[in-house]
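Reproduced below: final_14.cif, with mmCIF, C-alpha atoms.
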data_upload
loop_
_atom_site.label_atom_id
_atom_site.label_comp_id
_atom_site.auth_asym_id
_atom_site.auth_seq_id
_atom_site.Cartn_x
_atom_site.Cartn_y
_atom_site.Cartn_z
CA MET T 13 5.29 12.15 16.92
CA LYS T 14 2.25 11.48 14.76
CA ALA T 15 1.89 13.74 11.72
CA ALA T 16 -0.80 14.16 9.09
CA VAL T 17 0.04 15.52 5.62
CA ILE T 18 -2.97 17.01 3.87
CA VAL T 19 -3.56 16.28 0.18
CA PHE T 20 -5.60 18.70 -1.94
CA PRO T 21 -6.27 18.43 -5.67
CA GLY T 22 -3.20 20.16 -7.08
CA SER T 23 -0.87 19.45 -4.14
CA ASN T 24 2.56 18.56 -5.52
CA CYS T 25 4.80 18.61 -2.43
CA ASP T 26 2.77 16.26 -0.24
CA ARG T 27 5.00 13.24 -0.77
CA ASP T 28 8.15 15.34 -0.33
CA MET T 29 6.74 16.58 2.98
CA ALA T 30 5.95 13.03 4.10
CA VAL T 31 9.44 11.81 3.18
CA ALA T 32 11.09 14.64 5.13
CA LEU T 33 8.93 14.02 8.21
CA ARG T 34 9.50 10.27 8.13
CA ALA T 35 13.25 10.79 7.79
CA ALA T 36 13.07 12.88 10.97
CA GLY T 37 11.30 10.05 12.79
CA ALA T 38 7.64 11.02 12.52
CA ASP T 39 4.80 8.55 11.98
CA VAL T 40 3.06 10.05 8.92
CA THR T 41 -0.47 9.59 7.54
CA MET T 42 -1.66 11.13 4.28
CA VAL T 43 -5.10 12.75 4.66
CA TRP T 44 -7.45 13.57 1.75
CA HIS T 45 -9.03 17.03 1.78
CA LYS T 46 -12.59 15.67 1.81
CA ASP T 47 -12.04 13.87 5.10
CA ALA T 48 -13.90 15.65 7.88
CA ALA T 49 -11.59 14.55 10.69
CA LEU T 50 -7.90 14.07 11.36
CA PRO T 51 -6.56 10.69 12.46
CA ALA T 52 -6.74 10.12 16.20
CA GLY T 53 -3.75 11.27 18.19
CA VAL T 54 -2.22 13.51 15.53
CA ASP T 55 0.34 15.97 16.93
CA LEU T 56 1.33 17.86 13.77
CA VAL T 57 -0.65 18.74 10.66
CA ALA T 58 1.44 19.64 7.60
CA VAL T 59 -0.23 21.56 4.77
CA PRO T 60 2.08 21.18 1.76
CA GLY T 61 2.92 23.27 -1.25
CA GLY T 62 1.46 23.05 -4.72
CA PHE T 63 -1.46 24.60 -6.49
CA SER T 64 -4.54 23.51 -4.55
CA PHE T 65 -7.60 23.61 -6.79
CA GLY T 66 -5.44 25.12 -9.52
CA ASP T 67 -5.08 28.39 -7.55
CA TYR T 68 -8.46 29.42 -8.93
CA LEU T 69 -10.27 32.29 -7.21
CA ARG T 70 -7.30 33.08 -4.93
CA CYS T 71 -4.40 30.93 -3.80
CA GLY T 72 -5.55 28.77 -0.89
CA ALA T 73 -9.05 30.23 -0.77
CA ILE T 74 -10.90 27.14 -2.04
CA ALA T 75 -8.74 24.75 -0.02
CA ALA T 76 -9.60 26.73 3.10
CA GLN T 77 -13.24 25.70 2.60
CA SER T 78 -12.50 21.97 2.40
CA PRO T 79 -13.89 19.77 5.20
CA ILE T 80 -10.39 18.93 6.44
CA SER T 81 -9.57 22.62 6.88
CA ARG T 82 -12.21 22.92 9.57
CA ALA T 83 -10.53 20.01 11.36
CA ILE T 84 -7.15 21.75 11.03
CA VAL T 85 -8.55 24.94 12.59
CA ASN T 86 -10.00 22.89 15.45
CA HIS T 87 -6.69 21.07 15.88
CA ALA T 88 -4.84 24.39 16.16
CA GLY T 89 -7.47 25.67 18.57
CA ARG T 90 -6.69 22.74 20.86
CA GLY T 91 -3.00 23.69 20.84
CA GLY T 92 -1.93 21.28 18.10
CA TYR T 93 1.00 22.00 15.83
CA VAL T 94 0.46 23.07 12.21
CA LEU T 95 3.06 23.65 9.49
CA GLY T 96 2.04 25.30 6.21
CA VAL T 97 4.59 25.56 3.41
CA CYS T 98 4.13 27.73 0.29
CA ASN T 99 0.56 27.01 -0.80
CA GLY T 100 0.07 25.66 2.71
CA PHE T 101 1.03 29.07 4.10
CA GLN T 102 -1.56 30.62 1.79
CA VAL T 103 -4.18 28.19 3.11
CA LEU T 104 -3.32 29.09 6.72
CA THR T 105 -3.82 32.79 6.05
CA GLU T 106 -7.12 32.05 4.32
CA THR T 107 -8.33 30.10 7.35
CA ARG T 108 -7.11 32.98 9.54
CA LEU T 109 -4.85 30.72 11.54
CA LEU T 110 -2.13 33.20 10.59
CA PRO T 111 -2.44 36.94 9.92
CA GLY T 112 -1.75 38.72 6.66
CA ALA T 113 -1.99 37.57 3.06
CA LEU T 114 0.25 36.30 0.29
CA ILE T 115 -0.10 38.46 -2.82
CA ARG T 116 1.51 38.50 -6.27
CA ASN T 117 5.28 38.75 -6.34
CA ALA T 118 6.75 42.14 -7.07
CA GLY T 119 7.50 42.09 -10.78
CA LEU T 120 4.67 39.58 -11.33
CA ARG T 121 7.07 36.74 -12.07
CA PHE T 122 7.25 33.20 -10.76
CA VAL T 123 10.36 32.82 -8.59
CA CYS T 124 12.06 29.41 -8.43
CA ARG T 125 15.52 29.27 -6.88
CA THR T 126 17.37 28.61 -3.65
CA VAL T 127 17.52 31.66 -1.39
CA GLY T 128 19.20 32.67 1.82
CA LEU T 129 16.91 32.74 4.86
CA ARG T 130 17.80 34.44 8.10
CA VAL T 131 16.48 32.72 11.22
CA ALA T 132 14.70 35.52 13.08
CA THR T 133 13.78 33.57 16.22
CA THR T 134 14.54 30.21 17.78
CA ASP T 135 11.63 30.53 20.22
CA SER T 136 9.48 27.85 18.59
CA ALA T 137 9.59 24.11 18.12
CA PHE T 138 9.98 24.72 14.38
CA THR T 139 13.10 26.87 14.64
CA ALA T 140 14.78 25.62 17.81
CA ALA T 141 17.40 23.59 15.89
CA TYR T 142 18.84 26.77 14.36
CA ALA T 143 20.69 29.75 15.81
CA THR T 144 19.16 33.21 15.86
CA GLY T 145 20.56 35.21 12.97
CA GLU T 146 21.86 32.11 11.19
CA VAL T 147 21.49 32.14 7.40
CA ILE T 148 20.26 28.89 5.85
CA ARG T 149 19.68 27.92 2.22
CA ILE T 150 16.15 26.86 1.25
CA PRO T 151 14.42 26.77 -2.17
CA VAL T 152 11.43 28.93 -3.08
CA ALA T 153 8.95 28.28 -5.90
CA HIS T 154 6.00 30.67 -5.97
CA HIS T 155 4.15 33.38 -7.85
CA ASP T 156 2.15 34.68 -4.89
CA GLY T 157 4.66 34.78 -2.06
CA ASN T 158 4.72 38.50 -1.33
CA TYR T 159 3.72 38.68 2.35
CA PHE T 160 1.42 41.61 3.10
CA ALA T 161 -0.15 42.84 6.34
CA ASP T 162 -1.23 46.22 7.66
CA ALA T 163 1.22 48.33 9.66
CA ASP T 164 -0.28 47.38 13.04
CA THR T 165 -0.06 43.66 12.28
CA LEU T 166 3.53 43.95 11.08
CA ALA T 167 4.48 45.88 14.20
CA ARG T 168 2.80 43.26 16.40
CA LEU T 169 4.55 40.37 14.61
CA GLU T 170 7.89 42.09 14.94
CA GLY T 171 7.34 43.17 18.55
CA ASP T 172 6.15 39.72 19.64
CA GLY T 173 9.04 37.94 17.92
CA ARG T 174 6.65 36.03 15.69
CA ILE T 175 8.60 36.51 12.47
CA ALA T 176 10.25 33.12 12.05
CA PHE T 177 12.34 33.66 8.92
CA THR T 178 13.31 36.61 6.73
CA TYR T 179 14.83 36.70 3.28
CA LYS T 180 18.48 37.72 3.04
CA ASP T 181 17.78 39.04 -0.45
CA ASN T 182 14.04 39.56 -0.84
CA PRO T 183 12.87 37.70 -4.00
CA ASN T 184 9.22 38.76 -3.98
CA GLY T 185 8.74 42.14 -2.29
CA ALA T 186 7.46 40.74 1.03
CA ALA T 187 6.93 43.29 3.79
CA LEU T 188 9.84 43.36 6.28
CA ASP T 189 11.44 40.63 4.09
CA ILE T 190 9.12 38.14 5.82
CA ALA T 191 9.46 34.52 4.70
CA GLY T 192 7.60 32.88 7.60
CA VAL T 193 5.45 33.81 10.59
CA LEU T 194 4.25 32.15 13.77
CA SER T 195 0.88 32.14 15.52
CA ASP T 196 0.32 33.72 18.93
CA ASN T 197 1.06 30.45 20.72
CA ARG T 198 4.00 29.71 18.36
CA ARG T 199 2.53 26.31 17.43
CA VAL T 200 1.48 27.29 13.89
CA LEU T 201 4.16 28.19 11.33
CA GLY T 202 3.58 29.36 7.79
CA MET T 203 6.54 29.81 5.46
CA MET T 204 6.91 30.31 1.71
CA PRO T 205 10.29 28.52 1.22
CA HIS T 206 10.28 24.72 0.98
CA PRO T 207 12.30 23.02 3.76
CA GLU T 208 11.20 19.62 2.46
CA ARG T 209 13.13 20.37 -0.75
CA ALA T 210 16.30 20.88 1.27
CA ALA T 211 16.03 17.86 3.52
CA ASP T 212 18.69 15.61 1.98
CA PRO T 213 22.17 16.29 0.55
CA ALA T 214 21.06 14.55 -2.64
CA LEU T 215 18.61 17.42 -3.16
CA GLY T 216 21.42 19.97 -3.05
CA GLY T 217 21.25 20.88 0.62
CA SER T 218 20.01 19.69 4.00
CA ASP T 219 19.31 22.90 5.94
CA GLY T 220 15.59 22.10 5.82
CA ALA T 221 16.13 18.72 7.48
CA ARG T 222 17.07 20.51 10.68
CA LEU T 223 13.61 22.06 10.90
CA PHE T 224 11.96 18.62 10.80
CA ALA T 225 14.52 16.94 13.06
CA GLY T 226 14.31 19.77 15.58
CA LEU T 227 10.53 19.71 15.58
CA VAL T 228 10.27 15.95 16.02
CA GLY T 229 13.06 15.91 18.60
CA GLN T 230 11.58 18.69 20.69
CA PHE T 231 8.16 17.15 20.58
CA ALA T 232 9.55 13.88 21.85
CA THR T 233 10.77 15.65 24.99
CA THR T 234 7.45 17.39 25.79
#
Will you turn the file into structure tokens for me?
Amino acid sequence: MKAAVIVFPGSNCDRDMAVALRAAGADVTMVWHKDAALPAGVDLVAVPGGFSFGDYLRCGAIAAQSPISRAIVNHAGRGGYVLGVCNGFQVLTETRLLPGALIRNAGLRFVCRTVGLRVATTDSAFTAAYATGEVIRIPVAHHDGNYFADADTLARLEGDGRIAFTYKDNPNGAALDIAGVLSDNRRVLGMMPHPERAADPALGGSDGARLFAGLVGQFATT
């Protein structure tokens, strides 16, 4: 599998993302936000965490206007896979590849700790390596991770099985305890927790490595 990791000014998890993908067997290229096109033959685009453009204006809003973001939208439109983590999830909602918005945490405090995540569905290449209902341990680090959507959107996400992960103990006030959601075709995943920070036992846990290994492994069989 060929993967592209996007780098914005203020990205700080891009190298972590690349390391996790390479460990899972992906061929990874780092792509600067001013590039207007993705490398040829890319299967997966990963939009990493951090503070793109200093989180000015609104988290992810400026990054969503970068030239590479138009290429990401086109890639998704062709059925390509996209993974957005933390700030990357915010970027994907700003580009409207995913519904809803990430707003300030309840309590208005930055949350940085490992949390329990419940796997809500295994019906995606991103979650197929887990078991439905399984609780995994993944770190969060965000100030604007409170997932919000209107009642109709939440009902649709829930009814269609497009909620990928939920918090066991909600750290930010997210609606329906949502930690990650999938697109209609289940090829775009946005999640606030950082699987790349739990991709090696040396980091304190390896539950996140299963996401990357499962994704790369499933893709190899398609």
Next on the checklist: If I take atom CA of Ile190 of chain T and atom CA of Ile80 of chain T, how far is one from the other in Å, to one decimal?
Outcome noted: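 Going from atom CA of Ile190 of chain T over to atom CA of Ile80 of chain T, I get 27.4 Å.
When only C-alpha atoms are used to measure the gap to Asp164 of chain T, the shortest distance among T:Gly112, T:Gly37, T:Gly72, T:Gly91 belongs to T:Gly112.
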Next on the checklist: Which residues, named as in the file, does the PyMOL selection byres ((chain T and resi 213-216) around 12) pick out? Answer as an MDAnalysis selection string.
Outcome noted: chainID T and resid 28 32 125:126 149:151 206:212 217:221
Next on the checklist: Restricting the calculation to all atoms listed in the file: of T:Val147, T:Cys124, T:Ala132, T:Val193, which residue gets closest to Phe160 of chain T?
Outcome noted: T:Val193
Give the centre and edge lengths of an axis-aligned box, in Å to one decimal, that holds all listed atoms of segment 56-64 of chain T with 8 Å on each side, as AutoDock Vina command-line options.
--center_x -0.8 --center_y 21.2 --center_z 3.6 --size_x 23.5 --size_y 22.7 --size_z 36.3
Checklist entry - Which residues, written as a list of chain:residue names, have at least one atom at most 10 Å from Ala73 of chain T, with only C-alpha atoms counted and residues fewer than 2 positions away on the same chain left out? => result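 Residues near the query, excluding close chain neighbours: T:Ser64, T:Phe65, T:Asp67, T:Tyr68, T:Leu69, T:Arg70, T:Cys71, T:Ala75, T:Ala76, T:Gln77, T:Ser78, T:Gln102, T:Val103, T:Leu104, T:Thr105, T:Glu106, T:Thr107.
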Keeping C-alpha atoms, export the residues of the selection given above as an mmCIF file, in the frame of the given file.
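So the final result, stored in result16.cif, reads:
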data_model
loop_
_atom_site.group_PDB
_atom_site.id
_atom_site.type_symbol
_atom_site.label_atom_id
_atom_site.label_comp_id
_atom_site.auth_asym_id
_atom_site.auth_seq_id
_atom_site.Cartn_x
_atom_site.Cartn_y
_atom_site.Cartn_z
ATOM 1 C CA SER T 64 -4.540 23.510 -4.550
ATOM 2 C CA PHE T 65 -7.600 23.610 -6.790
ATOM 3 C CA ASP T 67 -5.080 28.390 -7.550
ATOM 4 C CA TYR T 68 -8.460 29.420 -8.930
ATOM 5 C CA LEU T 69 -10.270 32.290 -7.210
ATOM 6 C CA ARG T 70 -7.300 33.080 -4.930
ATOM 7 C CA CYS T 71 -4.400 30.930 -3.800
ATOM 8 C CA ALA T 75 -8.740 24.750 -0.020
ATOM 9 C CA ALA T 76 -9.600 26.730 3.100
ATOM 10 C CA GLN T 77 -13.240 25.700 2.600
ATOM 11 C CA SER T 78 -12.500 21.970 2.400
ATOM 12 C CA GLN T 102 -1.560 30.620 1.790
ATOM 13 C CA VAL T 103 -4.180 28.190 3.110
ATOM 14 C CA LEU T 104 -3.320 29.090 6.720
ATOM 15 C CA THR T 105 -3.820 32.790 6.050
ATOM 16 C CA GLU T 106 -7.120 32.050 4.320
ATOM 17 C CA THR T 107 -8.330 30.100 7.350
#
Checklist entry - Using all atoms listed in the file, can you list as JSON, numbers by chain the residues within 9 Å of (-3.2, 25.6, 18.2)? => result {"T": [85, 86, 87, 88, 89, 90, 91, 92, 93, 94, 109, 195, 196, 197, 198, 199, 200]}
Checklist entry - So what does the PyMOL selection byres ((chain T and resi 155-159) around 8) actually pick up in this one, as number ranges by chain? => result T: 71, 98, 112-118, 120-123, 153-154, 160-161, 184-187, 190-191, 204
